[in-house]
Each structure stands twice: as C-alpha cells, then as structure tokens.
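Have a look at work.txt below; it lists compact mmCIF, C-alpha atoms and all ligand atoms.
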```
# COMPACT_ATOMS: atom_id res chain seq x y z
CA MET A 1 0.00 0.00 0.00
CA PRO A 2 1.43 3.48 -0.84
CA GLU A 3 2.31 5.83 2.02
CA ASP A 4 -0.68 7.90 3.25
CA HIS A 5 0.13 11.63 3.09
CA PHE A 6 -3.42 12.61 4.08
CA GLY A 7 -3.40 11.42 7.70
CA GLU A 8 -5.15 12.93 10.75
CA ARG A 9 -3.21 16.20 10.76
CA VAL A 10 -3.83 16.96 7.07
CA ALA A 11 -7.44 15.70 7.14
CA ALA A 12 -8.26 17.90 10.15
CA ARG A 13 -7.57 21.07 8.18
CA TYR A 14 -8.07 19.88 4.58
CA ASP A 15 -11.35 21.72 3.89
CA GLU A 16 -10.07 24.93 5.48
CA SER A 17 -6.65 24.83 3.82
CA SER A 18 -8.26 24.10 0.41
CA ALA A 19 -11.07 26.64 0.99
CA ASP A 20 -10.66 28.17 -2.48
CA MET A 21 -11.33 24.72 -4.02
CA PHE A 22 -14.59 24.47 -2.01
CA ASP A 23 -15.86 27.79 -3.42
CA PRO A 24 -19.17 27.14 -5.24
CA ALA A 25 -17.69 28.98 -8.24
CA VAL A 26 -15.10 26.18 -8.46
CA VAL A 27 -17.27 23.21 -7.41
CA GLU A 28 -20.45 23.88 -9.41
CA PRO A 29 -18.94 23.87 -12.93
CA ALA A 30 -17.09 20.64 -12.07
CA VAL A 31 -20.26 19.00 -10.78
CA ASP A 32 -22.25 20.17 -13.84
CA PHE A 33 -19.57 18.74 -16.13
CA LEU A 34 -19.43 15.40 -14.30
CA ALA A 35 -23.21 15.02 -13.85
CA GLU A 36 -23.73 15.48 -17.58
CA LEU A 37 -21.18 12.77 -18.37
CA ALA A 38 -22.57 10.35 -15.77
CA GLY A 39 -26.02 10.53 -17.39
CA ASP A 40 -28.26 7.86 -15.87
CA GLY A 41 -25.28 5.80 -14.67
CA ALA A 42 -23.18 5.70 -11.52
CA ALA A 43 -19.86 7.44 -10.85
CA LEU A 44 -16.63 6.28 -9.21
CA GLU A 45 -14.36 8.88 -7.60
CA LEU A 46 -10.72 7.90 -7.15
CA GLY A 47 -9.32 9.76 -4.13
CA ILE A 48 -12.76 10.84 -2.89
CA GLY A 49 -11.27 12.61 0.15
CA THR A 50 -13.72 14.61 2.25
CA GLY A 51 -16.35 14.63 -0.50
CA ARG A 52 -15.79 18.09 -2.01
CA ILE A 53 -17.14 16.88 -5.39
CA ALA A 54 -18.84 13.59 -4.46
CA LEU A 55 -21.40 15.12 -2.06
CA PRO A 56 -22.78 17.75 -4.46
CA LEU A 57 -22.73 15.16 -7.27
CA VAL A 58 -24.89 12.82 -5.15
CA GLN A 59 -27.22 15.77 -4.50
CA ARG A 60 -27.56 16.08 -8.28
CA GLY A 61 -28.91 12.51 -8.35
CA VAL A 62 -25.74 10.67 -9.43
CA PRO A 63 -24.93 7.59 -7.31
CA VAL A 64 -21.25 7.92 -6.34
CA HIS A 65 -18.82 5.29 -5.02
CA GLY A 66 -15.36 6.19 -3.80
CA ILE A 67 -11.88 4.81 -3.23
CA ASP A 68 -9.39 6.44 -0.88
CA LEU A 69 -6.26 5.46 0.98
CA SER A 70 -6.84 7.73 3.95
CA GLU A 71 -9.13 6.60 6.77
CA ALA A 72 -8.81 10.11 8.22
CA MET A 73 -10.06 11.87 5.06
CA VAL A 74 -12.95 9.40 4.72
CA ALA A 75 -13.89 9.94 8.40
CA LYS A 76 -14.30 13.67 7.54
CA LEU A 77 -16.56 12.70 4.63
CA ARG A 78 -18.59 10.41 6.91
CA ALA A 79 -19.14 13.26 9.39
CA LYS A 80 -20.86 15.45 6.73
CA PRO A 81 -24.60 15.25 5.95
CA GLY A 82 -25.10 12.39 3.47
CA GLY A 83 -21.44 11.36 3.77
CA ASP A 84 -22.12 8.05 5.46
CA GLU A 85 -24.37 6.97 2.57
CA ILE A 86 -21.55 7.00 0.01
CA PRO A 87 -19.86 3.58 -0.28
CA VAL A 88 -16.08 4.03 0.01
CA ALA A 89 -13.41 1.34 -0.31
CA ILE A 90 -10.23 2.03 1.65
CA GLY A 91 -7.25 1.23 -0.56
CA ASP A 92 -4.93 2.31 -3.35
CA PHE A 93 -6.98 3.58 -6.30
CA ALA A 94 -4.43 2.19 -8.74
CA THR A 95 -5.40 -1.36 -7.81
CA THR A 96 -8.49 -1.44 -5.55
CA ARG A 97 -11.61 -2.96 -7.13
CA VAL A 98 -15.16 -2.12 -6.14
CA ASP A 99 -18.38 -3.84 -7.18
CA GLY A 100 -20.43 -2.36 -9.97
CA ALA A 101 -20.07 -0.87 -13.44
CA PHE A 102 -19.79 2.87 -13.88
CA SER A 103 -20.63 5.31 -16.67
CA LEU A 104 -18.10 7.76 -15.21
CA ALA A 105 -14.85 7.57 -13.23
CA TYR A 106 -13.08 10.75 -12.20
CA LEU A 107 -9.81 11.80 -10.57
CA VAL A 108 -9.63 15.53 -9.86
CA PHE A 109 -7.49 18.19 -8.14
CA ASN A 110 -4.12 16.81 -9.39
CA THR A 111 -4.67 13.57 -7.49
CA ILE A 112 -3.30 11.36 -10.30
CA MET A 113 0.06 12.94 -9.41
CA ASN A 114 -0.15 11.31 -5.96
CA LEU A 115 0.84 8.08 -7.71
CA ARG A 116 4.60 8.47 -7.59
CA VAL A 117 5.77 6.17 -10.38
CA GLN A 118 4.70 5.77 -14.01
CA GLU A 119 3.87 2.10 -13.53
CA ALA A 120 1.27 2.97 -10.86
CA GLN A 121 -0.28 5.64 -13.10
CA VAL A 122 -0.50 3.13 -15.99
CA THR A 123 -2.07 0.56 -13.64
CA CYS A 124 -4.56 3.18 -12.47
CA PHE A 125 -5.87 3.71 -16.02
CA GLN A 126 -6.24 -0.05 -16.38
CA ASN A 127 -8.10 -0.26 -13.08
CA VAL A 128 -10.45 2.51 -14.20
CA ALA A 129 -11.12 0.82 -17.56
CA ALA A 130 -12.05 -2.38 -15.70
CA HIS A 131 -14.71 -0.45 -13.75
CA LEU A 132 -16.26 1.36 -16.73
CA GLU A 133 -19.26 0.28 -18.75
CA PRO A 134 -18.68 0.12 -22.52
CA ARG A 135 -18.49 3.77 -23.71
CA GLY A 136 -18.02 4.88 -20.09
CA VAL A 137 -15.66 7.82 -19.57
CA PHE A 138 -12.70 8.70 -17.35
CA VAL A 139 -12.16 12.36 -16.40
CA VAL A 140 -8.86 13.68 -15.05
CA GLU A 141 -8.19 17.22 -13.81
CA VAL A 142 -4.46 17.85 -13.48
CA MET A 143 -1.99 20.73 -13.64
CA LEU A 144 0.62 21.05 -16.36
CA PRO A 145 4.22 20.89 -15.15
CA GLU A 146 5.46 24.50 -14.92
CA LEU A 147 8.82 23.83 -16.54
CA GLN A 148 8.53 27.02 -18.65
CA ARG A 149 8.88 28.93 -15.34
CA LEU A 150 11.74 26.82 -13.94
CA PRO A 151 15.26 28.03 -14.92
CA ARG A 152 17.75 25.26 -15.70
CA GLY A 153 19.40 24.02 -12.49
CA GLU A 154 16.66 25.43 -10.21
CA THR A 155 14.30 23.09 -8.37
CA PHE A 156 11.80 25.27 -6.43
CA LEU A 157 8.85 27.30 -7.69
CA ALA A 158 6.70 29.34 -5.28
CA PHE A 159 2.98 28.99 -6.02
CA ASP A 160 1.59 30.85 -2.98
CA VAL A 161 3.30 33.33 -0.66
CA SER A 162 0.71 34.87 1.65
CA PRO A 163 0.48 35.56 5.41
CA ASP A 164 -1.47 32.32 5.98
CA HIS A 165 0.34 29.97 3.60
CA LEU A 166 3.68 29.42 1.93
CA GLY A 167 3.53 26.94 -0.94
CA PHE A 168 6.49 25.70 -3.00
CA ASP A 169 6.73 22.99 -5.63
CA GLU A 170 10.06 21.15 -5.76
CA TYR A 171 10.85 19.67 -9.18
CA ASP A 172 13.06 16.65 -9.89
CA VAL A 173 13.09 17.03 -13.66
CA ALA A 174 15.07 13.87 -14.45
CA ASN A 175 12.44 11.72 -12.70
CA GLN A 176 9.29 13.82 -13.33
CA GLY A 177 9.11 14.16 -9.55
CA LEU A 178 7.27 16.99 -7.85
CA ILE A 179 7.06 17.50 -4.08
CA SER A 180 4.49 20.08 -3.01
CA HIS A 181 5.54 21.85 0.22
CA HIS A 182 2.93 23.67 2.33
CA TYR A 183 3.72 25.74 5.43
CA TYR A 184 1.01 27.41 7.52
CA PRO A 185 2.85 30.01 9.68
CA ARG A 186 -0.07 30.77 12.05
CA GLU A 187 -0.42 27.12 13.07
CA GLY A 188 3.24 26.20 12.57
CA GLU A 189 2.06 23.29 10.38
CA TYR A 190 4.22 21.90 7.56
CA SER A 191 3.14 19.18 5.09
CA THR A 192 4.68 17.70 1.98
CA PHE A 193 2.93 15.83 -0.85
CA PRO A 194 5.32 13.89 -3.09
CA GLY A 195 4.13 13.02 -6.56
CA ARG A 196 4.90 12.51 -10.23
CA TYR A 197 3.88 15.03 -12.88
CA LEU A 198 2.68 13.95 -16.33
CA TRP A 199 2.23 15.37 -19.79
CA PRO A 200 -1.12 15.30 -21.63
CA SER A 201 0.38 13.10 -24.34
CA GLU A 202 1.63 10.68 -21.68
CA LEU A 203 -1.86 10.46 -20.19
CA ASP A 204 -3.26 9.77 -23.67
CA LEU A 205 -0.83 6.86 -24.05
CA MET A 206 -1.82 5.49 -20.63
CA ALA A 207 -5.45 5.69 -21.72
CA ARG A 208 -4.63 3.92 -24.96
CA LEU A 209 -2.82 1.12 -23.10
CA ALA A 210 -6.04 0.70 -21.10
CA GLY A 211 -8.28 0.61 -24.19
CA MET A 212 -9.56 4.20 -23.99
CA THR A 213 -9.31 7.12 -26.41
CA LEU A 214 -9.31 10.88 -25.88
CA ARG A 215 -12.74 12.41 -26.36
CA GLU A 216 -12.32 15.96 -25.01
CA ARG A 217 -9.60 18.16 -23.50
CA TRP A 218 -10.39 21.54 -21.95
CA ALA A 219 -8.55 24.23 -19.98
CA ASP A 220 -11.21 24.25 -17.25
CA TRP A 221 -14.62 22.91 -16.20
CA ASN A 222 -16.37 25.65 -18.23
CA ARG A 223 -14.92 24.12 -21.39
CA GLU A 224 -12.54 26.96 -22.19
CA PRO A 225 -10.23 25.85 -25.01
CA PHE A 226 -7.00 24.07 -24.02
CA THR A 227 -4.07 26.13 -25.40
CA SER A 228 -0.29 26.57 -25.05
CA GLU A 229 -0.99 28.99 -22.16
CA SER A 230 -3.22 26.59 -20.18
CA VAL A 231 -2.01 25.82 -16.65
CA LYS A 232 -4.11 22.66 -16.26
CA HIS A 233 -6.37 20.42 -18.28
CA ILE A 234 -9.60 18.51 -17.91
CA SER A 235 -9.36 15.45 -20.11
CA VAL A 236 -12.04 12.92 -20.96
CA TRP A 237 -11.22 9.46 -22.35
CA ALA A 238 -13.88 7.00 -23.47
CA LYS A 239 -13.73 3.22 -23.24
C1 LIG B 1 -5.93 16.38 -3.00
S1 LIG B 1 -7.00 15.23 -2.17
C2 LIG B 1 -8.43 15.34 -3.23
C3 LIG B 1 -9.70 14.93 -2.53
C4 LIG B 1 -10.97 15.17 -3.34
N1 LIG B 1 -10.95 14.41 -4.60
C5 LIG B 1 -11.12 16.65 -3.66
O1 LIG B 1 -11.14 16.99 -4.84
O2 LIG B 1 -11.20 17.45 -2.73
C6 LIG B 1 -6.31 13.66 -2.65
C7 LIG B 1 -7.03 12.46 -2.06
O3 LIG B 1 -6.57 11.29 -2.71
C8 LIG B 1 -6.23 10.30 -1.76
N2 LIG B 1 -5.16 9.48 -2.34
C9 LIG B 1 -3.91 9.88 -2.68
N3 LIG B 1 -3.23 8.85 -3.23
C10 LIG B 1 -4.06 7.78 -3.21
C11 LIG B 1 -3.95 6.43 -3.65
N4 LIG B 1 -2.84 5.97 -4.22
N5 LIG B 1 -5.02 5.62 -3.49
C12 LIG B 1 -6.17 6.07 -2.92
N6 LIG B 1 -6.34 7.35 -2.49
C13 LIG B 1 -5.29 8.19 -2.64
C14 LIG B 1 -5.82 11.07 -0.52
O4 LIG B 1 -5.96 10.27 0.65
C15 LIG B 1 -6.79 12.26 -0.56
O5 LIG B 1 -7.99 11.98 0.10
```
Turn this file's structure into structure tokens for me.
Ligand SMILES: C[S@@+](CC[C@H](N)C(=O)[O-])C[C@H]1O[C@@H](n2cnc3c(N)ncnc32)[C@H](O)[C@@H]1O
Amino acid sequence: MPEDHFGERVAARYDESSADMFDPAVVEPAVDFLAELAGDGAALELGIGTGRIALPLVQRGVPVHGIDLSEAMVAKLRAKPGGDEIPVAIGDFATTRVDGAFSLAYLVFNTIMNLRVQEAQVTCFQNVAAHLEPRGVFVVEVMLPELQRLPRGETFLAFDVSPDHLGFDEYDVANQGLISHHYYPREGEYSTFPGRYLWPSELDLMARLAGMTLRERWADWNREPFTSESVKHISVWAK
C-alpha cells in the first residue's frame, strides 16, 4: 500500500486549507460537467477525500462510489450530511476494485500525481477501464508541469506566498518528480505531498494502453479551449 500523506493532521484542516477549491464557483462547474457525463449511470471517484465533489454530485442525483487510501479523510466525509451513505473502499486507487459498473470515473485536483511512479499511473488507467461500462468515460483534472517557469538548475517554484500559507513545488526534472511543500505560519504546520507530474500526451498513451481514447480536452470545467498557455487540463477518455 502506498504511504498515506493525508493522515489525521492533514485531514483535520483539509477543507479549510483548500477553501478556495470548495468555493461554489469552483465546485459547481465541475459538478455540472461530471453530472452530464454520468447521465443515468453511476460514478466512481478515485481519491474521494472529504467529499468536495462527491457530495454535491450525489445531491444532483448521481450515485457515487469512492476509493481512498486515507481513513482520516474518509472519516471527515462520513461526518458530513449524506457522507455516510456514500460507499467508500479504503485502498490504493491504482489497484483497488469495487463492485459495480460505472458510466463515469473521475480523478480531480491533481490527485493522479499522488501516484509516484509511471507504472502505478498506468495501472490506475487499467483499473479505471475495468470499472467502466462500454463507452463509459474517465475524467482527469491535473496541472501542467510548470517547466517554462523553472530556470535550468533550479528546483523550487513558489505557487503561494501569503500571510497564511507558503507553498512551493520542488521539481526533480530527471524523474518527473514533484514535491508540493505547504507551510502554515499561524499554526506552525508543515506538510509535503510527493508526486509525479505527467504530460497530456503521456496520459493519452496510458489511456490507450487501457483501451480508452481521448474524447475531449479543456482548460477548465467551463470548457474553455485548451491552449499553449493553459495551466491545467480537464481530459475525458472513453472506453
Ligand atoms: C488532494 S486530495 C483530493 C480529494 C478530493 N478528490 C477533492 O477533490 O477534494 C487527494 C485524495 O486522494 C487520496 N489518495 C492519494 N493517493 C491515493 C492512492 N494511491 N489511493 C487512494 N487514495 C489516494 C488522498 O488520501 C486524498 O484523500
């Protein structure tokens, strides 16, 4: 089982420290996008966490199942209204199987990068394909590596410097490694999230290895066009 970087300490302040991601202006377009793709079927969220997307998706009438490694994050989900009605398997989403067939699987908020080696990311696509109905879709939301901002020989990029939070990404270019460092000065809390960044073309190959093909790629949940200036992408592959 991979190491759990979302233990009690991180789970306790996850919703507060990711408050901008819980803003309805961020959540609602994502839920609209996903609900439309789920249609009359069920959805599987890999890395369901505290239910930021799953809970509003269930409220939209989509049955959601989840997989997550962190008991602590899932306990936070369970404590929310409706949270204890969502079936969640505790395990690694690259390999954990759940019962059922799904019209939609989704992996948002850069969480595919939490798989630290290419092999695990490839296996994850194969695991998703095994859960999808024919013509079911897999949606990934993930940042683009910011190598255009990283001078040769440097390893750190600041992504947030504010009184409440200092955030730095540490790049290991040779290995496509990225460690996200977060320091909260008021609480004296420091967390790191090691991961592996990927390119859109690499994700397309992983999808292809799993028997899926690219159907859509957007810059955001409002379907803005994906361009050379995009900082992230929302990609949809169909089985
Ligand atoms: C950044 S949080 C995202 C949570 C939720 N999807 C959201 O958008 O708010 C990442 C979640 O993925 C889970 N996770 C990370 N790696 C995992 C793995 N290999 N298998 C299962 N869950 C994993 C973490 O425990 C955490 O709950």
Using only C-alpha atoms and all ligand atoms, what are the residues with an atom within 9 Å of ligand LIG 1 (chain B), set out as a PyMOL selection string?
-> chain A and resi 1-7+11+14-15+18+21-22+45-54+67-74+90-96+106-116+120+124
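Counting only C-alpha atoms, the residue from A:Ile179, A:Val122, A:Val139, A:Ala129 that sits nearest to Glu202 (chain A) is A:Val122.
Between CA of Met143 (chain A) and CA of Pro163 (chain A) the interatomic distance comes to 24.3 Å.
You will find CA of Ala101 (chain A) at 12.7 Å from CA of Phe138 (chain A).
Separating CA of Leu34 (chain A) from CA of Thr227 (chain A) is a distance of 21.8 Å.
All residues that come within 8 Å of the coordinates (-9.4, 15.5, -25.5), counting only C-alpha atoms, are given as Leu214, Arg215, Glu216, Arg217, Trp218, Ser235, Val236 and Trp237 of chain A.
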Residues from the last selection, C-alpha atoms, saved as a short mmCIF file (atom, residue, chain, number, x, y, z; two decimals), in the frame of the given file:
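out-v1.cif written:
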```
data_model
loop_
_atom_site.label_atom_id
_atom_site.label_comp_id
_atom_site.auth_asym_id
_atom_site.auth_seq_id
_atom_site.Cartn_x
_atom_site.Cartn_y
_atom_site.Cartn_z
CA LEU A 214 -9.31 10.88 -25.88
CA ARG A 215 -12.74 12.41 -26.36
CA GLU A 216 -12.32 15.96 -25.01
CA ARG A 217 -9.60 18.16 -23.50
CA TRP A 218 -10.39 21.54 -21.95
CA SER A 235 -9.36 15.45 -20.11
CA VAL A 236 -12.04 12.92 -20.96
CA TRP A 237 -11.22 9.46 -22.35
#
```
Name the residues within 9 Å of (3.5, 12.4, -14.2), counting all atoms listed in the file in the file's coordinates, and put them as a PyMOL selection string.
-> chain A and resi 112-113+115-118+121+145+176-178+195-199+202-203
Contact residues around Gln126 (chain A) with all atoms listed in the file at 8 Å, ignoring same-chain residues under 5 positions, as a PyMOL selection string = chain A and resi 207+209-210
A:Thr123, A:Ser103, A:Ser191, A:Ser230 ranked by distance to Gly41 (chain A), top pick (using only C-alpha atoms) | A:Ser103
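Of the listed residues (A:Glu141, A:Asp172, A:Glu229, A:Asp20), A:Asp172 comes nearest to Phe156 (chain A); the distances count all atoms listed in the file.
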